[in-house]
file model-v1.csv (CSV, C-alpha atoms)
chain,number,residue,atom,x,y,z
A,1,MET,CA,26.4,-4.8,22.0
A,2,SER,CA,26.5,-8.1,20.1
A,3,VAL,CA,25.4,-9.0,16.6
A,4,ILE,CA,23.5,-12.3,16.5
A,5,TYR,CA,22.7,-14.0,13.2
A,6,LEU,CA,19.8,-16.5,13.0
A,7,ALA,CA,19.2,-19.0,10.2
A,8,PHE,CA,17.5,-22.2,9.2
A,9,THR,CA,19.9,-24.3,7.3
A,10,THR,CA,20.4,-27.8,5.8
A,11,LEU,CA,23.2,-30.2,6.6
A,12,ASP,CA,25.1,-29.0,3.6
A,13,GLY,CA,24.8,-25.3,4.7
A,14,ILE,CA,22.1,-24.3,2.2
A,15,VAL,CA,19.8,-21.5,3.4
A,16,THR,CA,17.9,-21.0,0.2
A,17,ASP,CA,14.1,-20.7,0.5
A,18,PRO,CA,13.4,-22.7,3.7
A,19,ASP,CA,9.7,-21.8,3.7
A,20,GLY,CA,9.1,-22.0,-0.1
A,21,ALA,CA,8.1,-18.3,-0.4
A,22,GLU,CA,10.7,-17.8,-3.2
A,23,GLY,CA,9.3,-20.6,-5.3
A,24,THR,CA,12.6,-22.4,-5.8
A,25,PRO,CA,12.5,-26.1,-6.9
A,26,ALA,CA,13.6,-27.4,-3.5
A,27,GLY,CA,11.9,-24.6,-1.5
A,28,GLY,CA,9.9,-25.3,1.6
A,29,TRP,CA,12.3,-27.9,2.8
A,30,MET,CA,11.9,-27.0,6.5
A,31,PHE,CA,8.1,-27.5,6.6
A,32,GLN,CA,8.4,-31.2,5.6
A,33,PHE,CA,9.6,-31.8,9.1
A,34,GLY,CA,6.5,-30.3,10.8
A,35,PRO,CA,6.1,-27.3,13.1
A,36,GLU,CA,8.0,-28.6,16.1
A,37,ALA,CA,11.4,-27.2,15.0
A,38,VAL,CA,10.2,-23.8,13.8
A,39,ALA,CA,7.2,-22.7,16.1
A,40,GLY,CA,7.8,-20.3,18.9
A,41,ASP,CA,11.1,-18.9,20.2
A,42,LYS,CA,13.3,-21.8,18.8
A,43,PHE,CA,16.3,-19.4,18.5
A,44,ARG,CA,16.0,-18.5,22.2
A,45,LEU,CA,15.7,-14.8,21.8
A,46,GLY,CA,13.9,-14.3,25.1
A,47,PRO,CA,15.3,-11.1,26.6
A,48,LEU,CA,16.6,-9.8,23.3
A,49,PHE,CA,13.0,-9.0,22.4
A,50,ASP,CA,13.0,-6.5,25.2
A,51,SER,CA,16.5,-5.0,24.9
A,52,GLY,CA,17.5,-5.6,21.3
A,53,VAL,CA,16.7,-4.6,17.7
A,54,MET,CA,16.2,-6.7,14.6
A,55,LEU,CA,18.0,-5.9,11.4
A,56,LEU,CA,16.4,-7.3,8.3
A,57,GLY,CA,17.0,-7.1,4.6
A,58,ARG,CA,14.1,-5.9,2.4
A,59,ARG,CA,12.9,-9.3,1.2
A,60,THR,CA,12.9,-10.9,4.7
A,61,TRP,CA,11.3,-7.8,6.2
A,62,GLN,CA,8.5,-7.9,3.6
A,63,ALA,CA,7.9,-11.6,4.1
A,64,PHE,CA,7.8,-11.3,7.8
A,65,GLY,CA,5.7,-8.2,7.6
A,66,ARG,CA,3.0,-10.3,5.8
A,67,LEU,CA,3.2,-13.1,8.4
A,68,TRP,CA,3.7,-11.8,11.9
A,69,PRO,CA,1.2,-8.9,12.1
A,70,THR,CA,-1.7,-11.3,11.4
A,71,ARG,CA,-0.8,-13.5,14.4
A,72,ASP,CA,-1.7,-12.9,18.0
A,73,ASP,CA,0.1,-15.5,20.1
A,74,PRO,CA,2.7,-14.5,22.7
A,75,PHE,CA,5.7,-15.0,20.3
A,76,SER,CA,4.1,-13.1,17.5
A,77,ARG,CA,3.3,-10.2,19.8
A,78,ARG,CA,7.0,-10.0,20.7
A,79,MET,CA,8.0,-10.2,17.1
A,80,ASN,CA,5.7,-7.3,16.3
A,81,ALA,CA,6.8,-5.2,19.3
A,82,ILE,CA,10.6,-5.5,18.8
A,83,PRO,CA,12.2,-2.4,17.1
A,84,LYS,CA,13.1,-3.3,13.5
A,85,LEU,CA,15.7,-1.7,11.2
A,86,VAL,CA,15.2,-2.4,7.5
A,87,ALA,CA,18.2,-2.3,5.2
A,88,SER,CA,16.9,-1.5,1.7
A,89,ARG,CA,18.0,0.4,-1.4
A,90,THR,CA,14.5,0.5,-2.8
A,91,LEU,CA,12.0,0.9,0.0
A,92,THR,CA,10.9,4.4,0.9
A,93,ASP,CA,8.5,3.5,3.7
A,94,ALA,CA,8.7,0.9,6.5
A,95,SER,CA,5.4,1.7,8.2
A,96,ALA,CA,3.7,-1.5,6.9
A,97,TRP,CA,5.0,-3.5,9.9
A,98,ALA,CA,4.9,-1.9,13.4
A,99,ASN,CA,8.1,-0.6,15.0
A,100,SER,CA,10.0,-0.7,11.7
A,101,ARG,CA,12.2,2.0,10.3
A,102,LEU,CA,14.6,2.2,7.3
A,103,VAL,CA,18.3,2.3,7.9
A,104,GLU,CA,19.5,5.7,6.9
A,105,GLY,CA,23.0,5.7,5.4
A,106,ASP,CA,25.5,2.8,5.5
A,107,VAL,CA,24.2,-0.3,7.2
A,108,VAL,CA,27.7,-1.3,8.5
A,109,ASP,CA,28.1,2.1,10.2
A,110,THR,CA,24.5,1.8,11.6
A,111,VAL,CA,25.4,-1.6,13.1
A,112,LYS,CA,28.7,-0.3,14.5
A,113,ARG,CA,26.9,2.7,16.2
A,114,GLU,CA,24.0,0.6,17.6
A,115,SER,CA,24.1,0.3,21.4
A,116,ARG,CA,21.5,-2.5,21.6
A,117,ASP,CA,22.1,-6.1,20.6
A,118,VAL,CA,21.4,-6.5,16.9
A,119,VAL,CA,19.5,-9.7,15.8
A,120,VAL,CA,19.8,-10.5,12.1
A,121,THR,CA,17.5,-13.2,10.7
A,122,GLY,CA,17.4,-14.6,7.2
A,123,SER,CA,18.7,-11.8,5.0
A,124,ARG,CA,21.7,-13.8,3.6
A,125,GLY,CA,23.2,-10.9,1.6
A,126,LEU,CA,23.1,-8.6,4.7
A,127,ALA,CA,24.7,-11.4,6.8
A,128,HIS,CA,27.5,-11.7,4.2
A,129,LEU,CA,28.1,-8.0,4.4
A,130,LEU,CA,28.3,-8.1,8.2
A,131,MET,CA,30.6,-11.2,8.0
A,132,ALA,CA,32.9,-9.3,5.5
A,133,HIS,CA,33.2,-6.6,8.2
A,134,ASP,CA,33.7,-9.1,11.0
A,135,LEU,CA,30.7,-7.9,12.8
A,136,ILE,CA,28.8,-11.1,13.7
A,137,ASP,CA,29.5,-12.2,17.2
A,138,GLU,CA,27.2,-15.2,17.4
A,139,TYR,CA,25.4,-17.6,15.1
A,140,ARG,CA,22.2,-19.4,16.1
A,141,LEU,CA,21.4,-22.1,13.6
A,142,ILE,CA,18.6,-24.6,13.3
A,143,THR,CA,19.9,-27.4,11.0
A,144,PHE,CA,17.5,-29.8,9.4
A,145,PRO,CA,18.4,-33.4,8.4
A,146,ILE,CA,18.3,-32.8,4.7
A,147,VAL,CA,21.0,-32.3,2.0
A,148,LEU,CA,19.9,-30.2,-1.0
A,149,GLY,CA,23.1,-30.3,-2.9
A,150,ALA,CA,22.4,-27.0,-4.5
A,151,GLY,CA,21.4,-23.5,-3.4
A,152,LYS,CA,22.8,-20.5,-1.7
A,153,HIS,CA,25.2,-21.3,1.2
A,154,LEU,CA,25.1,-19.5,4.6
A,155,PHE,CA,28.8,-18.9,4.6
A,156,PRO,CA,30.5,-17.4,1.6
A,157,SER,CA,34.0,-18.6,0.4
A,158,ALA,CA,36.6,-17.1,2.7
A,159,GLU,CA,40.3,-16.3,2.4
A,160,ARG,CA,40.9,-17.6,5.8
A,161,PRO,CA,39.0,-20.0,8.1
A,162,THR,CA,36.9,-18.7,10.9
A,163,THR,CA,36.9,-20.7,14.1
A,164,LEU,CA,33.8,-20.6,16.2
A,165,GLN,CA,33.1,-22.0,19.6
A,166,LEU,CA,30.0,-24.1,20.3
A,167,ARG,CA,28.1,-22.6,23.2
A,168,GLU,CA,24.9,-24.5,23.2
A,169,ILE,CA,23.3,-27.4,21.3
A,170,GLU,CA,20.0,-29.2,21.6
A,171,GLN,CA,17.7,-31.4,19.5
A,172,VAL,CA,14.6,-29.5,18.5
A,173,GLY,CA,12.2,-32.1,17.0
A,174,PRO,CA,13.9,-33.5,14.0
A,175,ALA,CA,16.4,-30.6,13.8
A,176,VAL,CA,19.3,-29.4,15.8
A,177,TYR,CA,19.6,-25.9,17.4
A,178,ALA,CA,23.2,-24.8,17.9
A,179,ARG,CA,24.6,-21.5,19.1
A,180,TYR,CA,28.1,-20.6,18.1
A,181,GLY,CA,30.2,-17.7,19.2
A,182,ARG,CA,33.6,-16.2,18.4
A,183,SER,CA,36.4,-18.3,19.7
A,184,SER,CA,38.8,-16.6,22.1
A,185,SER,CA,41.3,-16.2,19.3
A,186,GLU,CA,38.7,-14.6,17.1
A,187,SER,CA,37.6,-11.8,19.4
A,188,ARG,CA,37.3,-8.4,17.9
call {"tool": "encode", "arguments": {"input": "model-v1.csv", "output": "structure tokens"}}
result
Amino acid sequence: MSVIYLAFTTLDGIVTDPDGAEGTPAGGWMFQFGPEAVAGDKFRLGPLFDSGVMLLGRRTWQAFGRLWPTRDDPFSRRMNAIPKLVASRTLTDASAWANSRLVEGDVVDTVKRESRDVVVTGSRGLAHLLMAHDLIDEYRLITFPIVLGAGKHLFPSAERPTTLQLREIEQVGPAVYARYGRSSSESR
């Protein structure tokens, strides 16, 4: 089992409001570059759709739950079909989006017990929690050529550096897709 984190980010590591749904002043920054960098399976999930599970925080799950069920292209069908775990302290029902269920109990324990690969997308607070427990094995990032200068960073301040190993990189339209994994010295 691996934990894979996906994010759209800026050159300065900001992940705040890439689609503009949060209404922040600089929100929607990824859409100014057109659909080429975001449409379809840009994070190369492929087989993970069949064998993995998505883990989403409440806000990301609610945003995705409004978007994906209304679409009927091949990628959307796979997004709707993959099992989804929702980490929330406030939701009592996750039936609004097919194949979703609430995480019962501690999310860190849930991830540690999961036998399938876990794909976390967006959900920055959830990612920080998993980072704090050294549970993220791989980062798949799409970085856009924009510097916002302010906003929430993907990586929190750390007491010690984390060294990652570049596993794959490719230009995707105006953006760059990069896949990073634990370095051999960072294995858990």
call {"tool": "closest_residue", "arguments": {"input": "model-v1.csv", "among": "A:Arg179, A:Lys84, A:Lys42, A:Arg89", "to": "Arg140 in chain A", "atoms": "only C-alpha atoms"}}
result
A:Arg179
call {"tool": "closest_residue", "arguments": {"input": "model-v1.csv", "among": "A:Thr24, A:Thr9, A:Ser115, A:Thr121", "to": "Leu55 in chain A", "atoms": "only C-alpha atoms"}}
result
A:Thr121
call {"tool": "residues_around", "arguments": {"input": "model-v1.csv", "residues": "Leu56 in chain A", "least_positions_apart": "4", "cutoff": "10 Å", "atoms": "only C-alpha atoms", "output": "MDAnalysis selection string"}}
result
chainID A and resid 60:62 64 84:88 100 102:103 118:124 126:127
call {"tool": "atom_distance", "arguments": {"input": "model-v1.csv", "atom1": "CA of Ser51 in chain A", "atom2": "CA of Met1 in chain A"}}
result
10.3 Å
call {"tool": "atom_distance", "arguments": {"input": "model-v1.csv", "atom1": "CA of Tyr177 in chain A", "atom2": "CA of Val38 in chain A"}}
result
10.3 Å
